[in-house]
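**Student:** Sharing a structure with you now.
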Amino acid sequence: METNGKNILVAPLNWGLGHATRCVPIIRELQKNKFNVIIASDGAALSMMQKEFPELLSLSLPSYDIEYAQNGNDFKWKLIKNSPKLLAAIIAENKKIRHWVTKYELTGIISDNRFGVYSKQIPSVFITHQLKVLSGDTTWISSKIHQFFIKKFTACWVPDFQEKPNLTGKMGHLKSTDLVLDYIGPLSRLEKKERVKQYSLMVILSGPEPQRTLLETILIKEVQRFNGTVIFIKGVLEPEQKMTQDKHVTYYNFMTTLELEEAFNASELVLCRSGYTTIMDLSKLNKKAFFIPTPGQFEQEYLAKKMKRLGFAPFVKQNDFRIENLLEVALYKGLPQLQMEADWVRLFELFEGK
């Protein structure tokens, strides 16, 4: 592929797969605009991007090693306890970036929530939908810390609409700020297509352990009582894709982007976490959904409540879910197909020196 000779590093956070998947459309647009893309992350996020873009150079970054507590109520305190380890990883990744800027002749950086992936020498963009980081009674300090890191970047791209209606609400919109913000519209690697509905229900899991496995255990039991065909994607990235059939339920360990796109479009209803990347996908596809927010994750709990308040989709706490809850979906209108195309040519001018 012909390139313009400019090397752009794209580095998503490895926290579930959402940060990596929403970088997929950005990488595609960079390639359309003749940039040479280098990808960097760790763990499952890096594995996913390597599967999506096997032709690209991929680099390994230090792991933030973010862990969920077994009890969702302990999640915030576990993060606080692990903050010295997190800070060490941020310092280590920034050291790598300083080396890579010279070694790979980088002309730009796009970091999705990786605090240390920036350089003072070249334009560096931070992607986040959380200008305000919800953490209960510590929201003010978690938000200030987040904004402190964002200020180290040349610009911040927010994958949402600046005006109402929008998807992030108070998380992605500040009353006043000196941050250099650009609202680029929701990001999704998926496209809406007309397909014959093969599945009554699509279950898609995501997120760090142990909560992903805890929800999987609950849902495997519950979908056995569902009256209809089910496609169940566990969200476990392994070297080989595995498919098993158990009565009316078809299980996959993971799917590629094209396979996921087909599965979404061929499903009547989606049961999933209320992560922001998933919400952007559902909005792009104009799907009906039922949400189970990750216990103790204030962001997902806020988004689930917002979707319910707007009449888009219902939700329930993880341990309270029963398959009968899905009957509530008929009372909601589904995620709206909000339209906005990012002006990628203008956004990428940052890396052209214009």
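In the structure tokens, chains take the letters A, B, ... in the order shown, each chain's residues start at 1, and ligands count up from 1 in the order shown.
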Could you name the residues that touch segment 109-112 of chain A at 9 Å or less, counting only C-alpha atoms, but leaving out those on the same chain fewer than 2 positions away, as JSON, numbers by chain?

**Tutor:** {"A": [7, 8, 9, 10, 11, 12, 13, 19, 20, 22, 23, 106, 107, 114, 115, 116, 117, 118, 119, 122, 123, 124, 125, 126, 127, 128, 351]}

**Student:** Give me the residues within 6 Å of Ala266 of chain A as a list in words, counting only C-alpha atoms and dropping any in the same chain fewer than 2 places off.

**Tutor:**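 The contact residues come out as Arg195, Val196, Lys197, Gln198, Ala263 and Phe264 of chain A.
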
**Student:** Write down as a VMD selection string the residues belonging to segment 101-251 of chain A that are assigned strand (DSSP E) by DSSP computed on the backbone.

**Tutor:** chain A and resid 106 to 112 124 to 127 155 to 158 181 to 183 201 to 204 230 to 233 243 to 246 249 to 251

**Student:** Kindly give the distance, in Å, that separates atom CA of Glu222 of chain A and atom CA of Thr250 of chain A, rounded to a single decimal.

**Tutor:**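 Computing the Euclidean distance for atom CA of Glu222 of chain A and atom CA of Thr250 of chain A yields 14.1 Å.
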
**Student:** Using only C-alpha atoms, which residues sit within 12 Å of Leu179 of chain A once same-chain residues fewer than 3 positions away are excluded, as a PyMOL selection string?

**Tutor:** chain A and resi 125-126+131+144+146-158+173-176+182

**Student:** Nearest residue to His99 of chain A out of A:Glu191, A:Gln121, A:Ile204, A:Gln297, using only C-alpha atoms?

**Tutor:** A:Gln121

**Student:** From the list A:Trp344, A:Trp100, A:Tyr276, A:Phe312, which residue is nearest Lys288 of chain A when using only C-alpha atoms?

**Tutor:**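 Once distances to Lys288 of chain A are computed over only C-alpha atoms, the minimum belongs to A:Phe312.
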
**Student:** One number please: atom CA of Met171 of chain A to atom CA of His129 of chain A, in Å, one decimal.

**Tutor:**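 Computed distance, atom CA of Met171 of chain A to atom CA of His129 of chain A, equals 6.8 Å.
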
**Student:** For Phe315 of chain A, find every residue with an atom within 12 Å (counting only C-alpha atoms), except residues of its own chain fewer than 5 positions away, and show them as a PyMOL selection string.

**Tutor:** chain A and resi 270-274+288-294+300-309+320-322+325-329+332

**Student:** Looking at only C-alpha atoms, which of A:Ile39, A:Ile91, A:Glu240, A:Gly275 is the one that sits closest to Trp15 of chain A?

**Tutor:** A:Gly275

**Student:** I'd like the interatomic distance between atom CA of Asp178 of chain A and atom CA of Pro165 of chain A, to a tenth of an Å.

**Tutor:**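 Interatomic distance here is 23.1 Å.
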
**Student:** I'd like to know which of A:Ser142, A:Gln162, A:Ser41, A:Ser188 is closest to Arg28 of chain A, using only C-alpha atoms.

**Tutor:**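 Closest residue, counting only C-alpha atoms: A:Ser188.
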
**Student:** For Glu261 of chain A, which of A:Lys247, A:Arg189, A:Lys85, A:Arg212 is the closest residue, counting only C-alpha atoms?

**Tutor:**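 Among the listed residues, A:Arg189 lies closest to Glu261 of chain A.
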
**Student:** Using only C-alpha atoms, can you tell me which of A:Leu258, A:Val203, A:Met49, A:Val37 comes closest to Ile218 of chain A?

**Tutor:**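 Looking only at the distances to Ile218 of chain A, the closest residue turns out to be A:Val203.
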
**Student:** Let's see if you can do this: from backbone DSSP, list all helix (DSSP H, G or I) residues in segment 117-171 of chain A, as a list in words.

**Tutor:**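 Residues meeting the helix (DSSP H, G or I) criterion: Gly136, Asp137, Thr138, Thr139, Trp140, Ile141, Ser142, Ser143, Lys144, Ile145, His146, Gln147, Phe148, Phe149, Ile150, Gly169, Lys170 and Met171 of chain A.
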
**Student:** Convert the current residue selection to file output with C-alpha atoms, as a PDB file, in the first residue's frame.

**Tutor:**
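Output contents, as saved in selection_24.pdb:
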```pdb
ATOM      1  CA  GLY A 136     -18.866   8.040  43.549  1.00  0.00           C
ATOM      2  CA  ASP A 137     -17.805  10.461  46.268  1.00  0.00           C
ATOM      3  CA  THR A 138     -14.292  10.661  44.768  1.00  0.00           C
ATOM      4  CA  THR A 139     -15.475  11.765  41.301  1.00  0.00           C
ATOM      5  CA  TRP A 140     -13.936  15.220  41.726  1.00  0.00           C
ATOM      6  CA  ILE A 141     -10.418  13.888  42.360  1.00  0.00           C
ATOM      7  CA  SER A 142     -10.564  11.076  39.759  1.00  0.00           C
ATOM      8  CA  SER A 143     -11.713  13.662  37.186  1.00  0.00           C
ATOM      9  CA  LYS A 144      -8.940  16.103  38.111  1.00  0.00           C
ATOM     10  CA  ILE A 145      -6.310  13.357  37.784  1.00  0.00           C
ATOM     11  CA  HIS A 146      -7.692  12.342  34.378  1.00  0.00           C
ATOM     12  CA  GLN A 147      -7.711  15.941  33.148  1.00  0.00           C
ATOM     13  CA  PHE A 148      -4.144  16.402  34.437  1.00  0.00           C
ATOM     14  CA  PHE A 149      -2.966  13.640  32.106  1.00  0.00           C
ATOM     15  CA  ILE A 150      -5.104  14.836  29.174  1.00  0.00           C
ATOM     16  CA  GLY A 169     -24.039  12.971  29.134  1.00  0.00           C
ATOM     17  CA  LYS A 170     -22.102  14.573  31.978  1.00  0.00           C
ATOM     18  CA  MET A 171     -19.128  12.216  31.497  1.00  0.00           C
TER      19      MET A 171
END
```
